[in-house]
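Q: Mind looking over this structure? Questions follow.
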Amino acid sequence: MKIAVRDIGIPPRPTILSQIEQEAAKDEPDFLHLARLLSQDVGLSAGIIKVANSPFFSFRKKIPTVQEALLVLGLKLVVNTIAGLALRQTFQHVPNMERFWDASAATAETSAMLVREIGGDLGLRPADAHTFALFRDCGIPMLMIPFPEYREILASANQEASRPFTAVEDEAIGLNHALVGAELAEDWLLQRDTCLAIRHHHDRAVLDGEHDVSLRARRLIAIAQLAEYLIQQRTAQSQTSEWQKLGSACLACLDLREDDLPALAEACLPATAT
């Protein structure tokens with residue numbers, strides 16, 4: 001049975017994102033007003049402060065308030081961060097997803113650190129890699145509610161050694177989380193390359209450059225996949241078969257070699273994986 005993405009419902013874009021973007025677009029944004037907006041939501045304000053104090057930014061002093069977090073992070077990064085925090089709030093009714101959100105956050109932070117460590121030749125900003133990794137699998141919680149069997153489908157897809165992850169989903173329910181997640185990202189007005197990367201993040205042919213997808217989008221996919229792999233290797237948790245299928249293409253896309261990975265893991269993982 002073919003089911004359209006719109007049939008399962010896409011959560012609307014949070015109003016707070018539009019409010020912040022409107023203020024940020026002004027010649028002289030009012031940071032006090034922005035801080036008041038964010039402070040109305042305890043979860044968002046706490047999340048912004050947590051991000052500002054994360055090892056990725058390594059500020060010399062602790063950031064104690066929302067207003068200071070806004071000043072040190074910058075409005076572009078704040079909008080991206082709030083989008084990721086709002087995503088988790090949107091699906092807080094989906095049960096037993098704590099490990100999923102924690103894994104997404106760890107992958108996002110490691111992705112950003114990898115971009116910083118590898119350097120500017122990638123044409124990526126750490127903040128964009130962070131945002132992509134947060135939203136990469138956002139289709140998964142969207143499919144949990146309408147499909148009670150979806151957890152079992154995920155388990156099968158994670159262990160599939162040859163077929164694409166999304167092919168397992170398509171065969172079982174006629175939809176996959178990459179397609180659904182890309183639709184949400186487009187509705188939430190994420191950057192085009194980010195939306196494309198979400199749509200194709202399990203597609204080996206895209207990573208190999210066989211389709212008309214930008215190098216920037218391909219590198220977003222590759223960075224997040226590498227981050228996930230390094231975390232899995234360090235923690236031995238949430239193992240999947242994706243690096244076996246996509247790893248060589250990810251390394252080629254990033255101009256890396258297998259023997260580069262231990263040093264990258266040492267530089268980028270200590271704060272996010274134990």
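Going through the structure tokens in order, the chains are called A, B, and so on, while each chain numbers its residues from 1 and the ligands are numbered from 1 in the order shown.
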Going by DSSP on the backbone, which bits of region 104-173 of chain A are alpha helix (DSSP H)? Write them as JSON, numbers by chain, please.
A: {"A": [104, 105, 106, 107, 108, 109, 110, 111, 112, 113, 114, 115, 116, 117, 118, 126, 127, 128, 129, 130, 131, 132, 133, 134, 135, 139, 140, 141, 142, 143, 144, 150, 151, 152, 153, 154, 155, 156, 157, 158, 159, 165, 166, 167, 168, 169, 170, 171, 172, 173]}
Q: Residues at most 12 Å from region 94-98 of chain A, counting only C-alpha atoms, excluding those fewer than 5 positions away in the same chain, as a PDB file with all heavy atoms, in the first residue's frame?
A:
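Printed below is out-v3.pdb as written:
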```pdb
ATOM      1  N   LEU A  87      12.839  20.486  17.512  1.00  0.00           N
ATOM      2  CA  LEU A  87      12.544  19.180  16.906  1.00  0.00           C
ATOM      3  C   LEU A  87      12.313  18.138  17.991  1.00  0.00           C
ATOM      4  O   LEU A  87      11.340  17.375  17.942  1.00  0.00           O
ATOM      5  CB  LEU A  87      13.715  18.763  16.018  1.00  0.00           C
ATOM      6  CG  LEU A  87      13.580  17.414  15.313  1.00  0.00           C
ATOM      7  CD1 LEU A  87      12.524  17.478  14.226  1.00  0.00           C
ATOM      8  CD2 LEU A  87      14.927  16.992  14.727  1.00  0.00           C
ATOM      9  N   ARG A  88      13.180  18.113  18.975  1.00  0.00           N
ATOM     10  CA  ARG A  88      13.024  17.145  20.066  1.00  0.00           C
ATOM     11  C   ARG A  88      11.731  17.401  20.836  1.00  0.00           C
ATOM     12  O   ARG A  88      11.022  16.448  21.186  1.00  0.00           O
ATOM     13  CB  ARG A  88      14.238  17.218  20.994  1.00  0.00           C
ATOM     14  CG  ARG A  88      14.186  16.216  22.132  1.00  0.00           C
ATOM     15  CD  ARG A  88      15.528  16.100  22.815  1.00  0.00           C
ATOM     16  NE  ARG A  88      15.510  15.081  23.864  1.00  0.00           N
ATOM     17  CZ  ARG A  88      16.602  14.572  24.432  1.00  0.00           C
ATOM     18  NH1 ARG A  88      17.798  14.983  24.031  1.00  0.00           N
ATOM     19  NH2 ARG A  88      16.519  13.653  25.376  1.00  0.00           N
ATOM     20  N   GLN A  89      11.419  18.665  21.095  1.00  0.00           N
ATOM     21  CA  GLN A  89      10.171  18.974  21.806  1.00  0.00           C
ATOM     22  C   GLN A  89       8.948  18.543  21.004  1.00  0.00           C
ATOM     23  O   GLN A  89       7.955  18.078  21.568  1.00  0.00           O
ATOM     24  CB  GLN A  89      10.093  20.471  22.091  1.00  0.00           C
ATOM     25  CG  GLN A  89      11.026  20.951  23.188  1.00  0.00           C
ATOM     26  CD  GLN A  89      10.734  22.385  23.589  1.00  0.00           C
ATOM     27  OE1 GLN A  89       9.960  23.090  22.937  1.00  0.00           O
ATOM     28  NE2 GLN A  89      11.351  22.831  24.660  1.00  0.00           N
ATOM     29  N   ALA A 103      21.834  10.097  20.915  1.00  0.00           N
ATOM     30  CA  ALA A 103      22.725   9.709  19.819  1.00  0.00           C
ATOM     31  C   ALA A 103      22.769  10.791  18.749  1.00  0.00           C
ATOM     32  O   ALA A 103      23.840  11.099  18.197  1.00  0.00           O
ATOM     33  CB  ALA A 103      22.270   8.379  19.216  1.00  0.00           C
ATOM     34  N   SER A 104      21.623  11.396  18.451  1.00  0.00           N
ATOM     35  CA  SER A 104      21.590  12.478  17.464  1.00  0.00           C
ATOM     36  C   SER A 104      22.427  13.659  17.936  1.00  0.00           C
ATOM     37  O   SER A 104      23.180  14.254  17.141  1.00  0.00           O
ATOM     38  CB  SER A 104      20.145  12.930  17.223  1.00  0.00           C
ATOM     39  OG  SER A 104      19.395  11.928  16.584  1.00  0.00           O
ATOM     40  N   ALA A 105      22.316  13.996  19.214  1.00  0.00           N
ATOM     41  CA  ALA A 105      23.083  15.120  19.756  1.00  0.00           C
ATOM     42  C   ALA A 105      24.579  14.825  19.718  1.00  0.00           C
ATOM     43  O   ALA A 105      25.389  15.699  19.367  1.00  0.00           O
ATOM     44  CB  ALA A 105      22.634  15.421  21.177  1.00  0.00           C
ATOM     45  N   CYS A 138      15.326  12.748  11.493  1.00  0.00           N
ATOM     46  CA  CYS A 138      14.082  13.244  12.097  1.00  0.00           C
ATOM     47  C   CYS A 138      12.846  12.521  11.569  1.00  0.00           C
ATOM     48  O   CYS A 138      11.778  12.578  12.190  1.00  0.00           O
ATOM     49  CB  CYS A 138      13.943  14.752  11.901  1.00  0.00           C
ATOM     50  SG  CYS A 138      13.730  15.298  10.187  1.00  0.00           S
ATOM     51  N   ILE A 140      12.483   9.389  11.627  1.00  0.00           N
ATOM     52  CA  ILE A 140      12.264   8.193  12.448  1.00  0.00           C
ATOM     53  C   ILE A 140      11.146   8.408  13.473  1.00  0.00           C
ATOM     54  O   ILE A 140      10.199   7.608  13.523  1.00  0.00           O
ATOM     55  CB  ILE A 140      13.583   7.747  13.104  1.00  0.00           C
ATOM     56  CG1 ILE A 140      14.486   7.126  12.029  1.00  0.00           C
ATOM     57  CG2 ILE A 140      13.326   6.751  14.243  1.00  0.00           C
ATOM     58  CD1 ILE A 140      15.856   6.704  12.530  1.00  0.00           C
ATOM     59  N   PRO A 141      11.195   9.442  14.319  1.00  0.00           N
ATOM     60  CA  PRO A 141      10.069   9.617  15.247  1.00  0.00           C
ATOM     61  C   PRO A 141       8.750   9.897  14.528  1.00  0.00           C
ATOM     62  O   PRO A 141       7.679   9.560  15.047  1.00  0.00           O
ATOM     63  CB  PRO A 141      10.495  10.805  16.114  1.00  0.00           C
ATOM     64  CG  PRO A 141      11.574  11.490  15.353  1.00  0.00           C
ATOM     65  CD  PRO A 141      12.268  10.424  14.577  1.00  0.00           C
ATOM     66  N   MET A 142       8.815  10.497  13.326  1.00  0.00           N
ATOM     67  CA  MET A 142       7.582  10.743  12.573  1.00  0.00           C
ATOM     68  C   MET A 142       6.879   9.447  12.190  1.00  0.00           C
ATOM     69  O   MET A 142       5.654   9.402  12.086  1.00  0.00           O
ATOM     70  CB  MET A 142       7.884  11.549  11.309  1.00  0.00           C
ATOM     71  CG  MET A 142       8.230  13.003  11.565  1.00  0.00           C
ATOM     72  SD  MET A 142       8.541  13.893  10.032  1.00  0.00           S
ATOM     73  CE  MET A 142       6.925  13.862   9.257  1.00  0.00           C
ATOM     74  N   LEU A 143       7.657   8.387  11.982  1.00  0.00           N
ATOM     75  CA  LEU A 143       7.081   7.112  11.543  1.00  0.00           C
ATOM     76  C   LEU A 143       6.731   6.180  12.704  1.00  0.00           C
ATOM     77  O   LEU A 143       6.080   5.155  12.491  1.00  0.00           O
ATOM     78  CB  LEU A 143       8.052   6.405  10.591  1.00  0.00           C
ATOM     79  CG  LEU A 143       8.272   7.107   9.244  1.00  0.00           C
ATOM     80  CD1 LEU A 143       9.376   6.415   8.456  1.00  0.00           C
ATOM     81  CD2 LEU A 143       6.987   7.143   8.429  1.00  0.00           C
ATOM     82  N   MET A 144       7.148   6.537  13.916  1.00  0.00           N
ATOM     83  CA  MET A 144       6.904   5.666  15.063  1.00  0.00           C
ATOM     84  C   MET A 144       5.417   5.530  15.409  1.00  0.00           C
ATOM     85  O   MET A 144       4.944   4.446  15.745  1.00  0.00           O
ATOM     86  CB  MET A 144       7.656   6.194  16.291  1.00  0.00           C
ATOM     87  CG  MET A 144       9.147   5.957  16.261  1.00  0.00           C
ATOM     88  SD  MET A 144       9.547   4.214  16.438  1.00  0.00           S
ATOM     89  CE  MET A 144      11.332   4.306  16.537  1.00  0.00           C
ATOM     90  N   ILE A 145       4.683   6.637  15.347  1.00  0.00           N
ATOM     91  CA  ILE A 145       3.290   6.624  15.779  1.00  0.00           C
ATOM     92  C   ILE A 145       2.365   5.925  14.783  1.00  0.00           C
ATOM     93  O   ILE A 145       1.596   5.025  15.164  1.00  0.00           O
ATOM     94  CB  ILE A 145       2.800   8.054  16.076  1.00  0.00           C
ATOM     95  CG1 ILE A 145       3.606   8.651  17.233  1.00  0.00           C
ATOM     96  CG2 ILE A 145       1.313   8.060  16.405  1.00  0.00           C
ATOM     97  CD1 ILE A 145       3.534   7.861  18.521  1.00  0.00           C
ATOM     98  N   PRO A 146       2.391   6.264  13.486  1.00  0.00           N
ATOM     99  CA  PRO A 146       1.460   5.603  12.561  1.00  0.00           C
ATOM    100  C   PRO A 146       1.801   4.146  12.289  1.00  0.00           C
ATOM    101  O   PRO A 146       0.945   3.392  11.814  1.00  0.00           O
ATOM    102  CB  PRO A 146       1.571   6.444  11.285  1.00  0.00           C
ATOM    103  CG  PRO A 146       2.905   7.076  11.355  1.00  0.00           C
ATOM    104  CD  PRO A 146       3.168   7.321  12.809  1.00  0.00           C
ATOM    105  N   PHE A 147       3.050   3.737  12.575  1.00  0.00           N
ATOM    106  CA  PHE A 147       3.465   2.360  12.282  1.00  0.00           C
ATOM    107  C   PHE A 147       4.010   1.698  13.544  1.00  0.00           C
ATOM    108  O   PHE A 147       5.210   1.805  13.838  1.00  0.00           O
ATOM    109  CB  PHE A 147       4.520   2.344  11.178  1.00  0.00           C
ATOM    110  CG  PHE A 147       4.057   2.937   9.874  1.00  0.00           C
ATOM    111  CD1 PHE A 147       4.465   4.210   9.492  1.00  0.00           C
ATOM    112  CD2 PHE A 147       3.197   2.228   9.043  1.00  0.00           C
ATOM    113  CE1 PHE A 147       4.031   4.758   8.298  1.00  0.00           C
ATOM    114  CE2 PHE A 147       2.751   2.772   7.852  1.00  0.00           C
ATOM    115  CZ  PHE A 147       3.172   4.034   7.477  1.00  0.00           C
ATOM    116  N   PRO A 148       3.162   1.020  14.313  1.00  0.00           N
ATOM    117  CA  PRO A 148       3.619   0.390  15.561  1.00  0.00           C
ATOM    118  C   PRO A 148       4.744  -0.621  15.344  1.00  0.00           C
ATOM    119  O   PRO A 148       5.527  -0.877  16.258  1.00  0.00           O
ATOM    120  CB  PRO A 148       2.347  -0.311  16.079  1.00  0.00           C
ATOM    121  CG  PRO A 148       1.217   0.421  15.437  1.00  0.00           C
ATOM    122  CD  PRO A 148       1.711   0.853  14.098  1.00  0.00           C
ATOM    123  N   ARG A 151       9.659  -0.032  14.922  1.00  0.00           N
ATOM    124  CA  ARG A 151      10.886  -0.336  15.668  1.00  0.00           C
ATOM    125  C   ARG A 151      11.520  -1.631  15.169  1.00  0.00           C
ATOM    126  O   ARG A 151      12.752  -1.735  15.064  1.00  0.00           O
ATOM    127  CB  ARG A 151      10.605  -0.414  17.172  1.00  0.00           C
ATOM    128  CG  ARG A 151      10.278   0.930  17.809  1.00  0.00           C
ATOM    129  CD  ARG A 151      10.073   0.816  19.302  1.00  0.00           C
ATOM    130  NE  ARG A 151       9.549   2.044  19.850  1.00  0.00           N
ATOM    131  CZ  ARG A 151      10.280   3.083  20.256  1.00  0.00           C
ATOM    132  NH1 ARG A 151      11.596   3.010  20.184  1.00  0.00           N
ATOM    133  NH2 ARG A 151       9.704   4.169  20.742  1.00  0.00           N
TER     134      ARG A 151
END
```
Q: Determine, counting only C-alpha atoms, which protein, DNA and RNA residues have an atom within 9 Å of an atom of Val79 (chain A); residues of the same chain fewer than 5 positions away are not included. Present the result as a PyMOL selection string.
A: chain A and resi 17+20-21+24+74+84
Q: Using only C-alpha atoms, find the one residue out of A:Ala263, A:Val206, A:Tyr150, A:Arg216 that sits nearest to Ala249 (chain A).
A: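 Closest candidate: A:Val206.
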Q: Neighbouring residues of region 220-229 of chain A were defined as those with any atom within 9 Å, considering only C-alpha atoms; residues of the same chain fewer than 2 positions away were excluded. Please report them as a ChimeraX atom specification.
A: /A:103-104,106-112,114-115,124,128-130,132-133,136,193-194,197-198,200-202,207,215-218,231-234,239-240,242-243,246-247,249-251,253-254,261,265,268-269
Q: Just checking: using only C-alpha atoms, which residue out of A:Thr65, A:Arg116, A:Ile82, A:Gly9 ends up closest to Leu32 (chain A)?
A: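 Nearest candidate to Leu32 (chain A) out of A:Thr65, A:Arg116, A:Ile82, A:Gly9: A:Thr65.
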Q: To one decimal in Å, tell me the separation between CA of Gln237 (chain A) and CA of Leu154 (chain A).
A: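 Result for CA of Gln237 (chain A) versus CA of Leu154 (chain A): 15.2 Å, one decimal.
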Q: In Å, with one decimal, what is the gap from CA of Val78 (chain A) to CA of Gly47 (chain A)?
A: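 So the answer is 10.5 Å.
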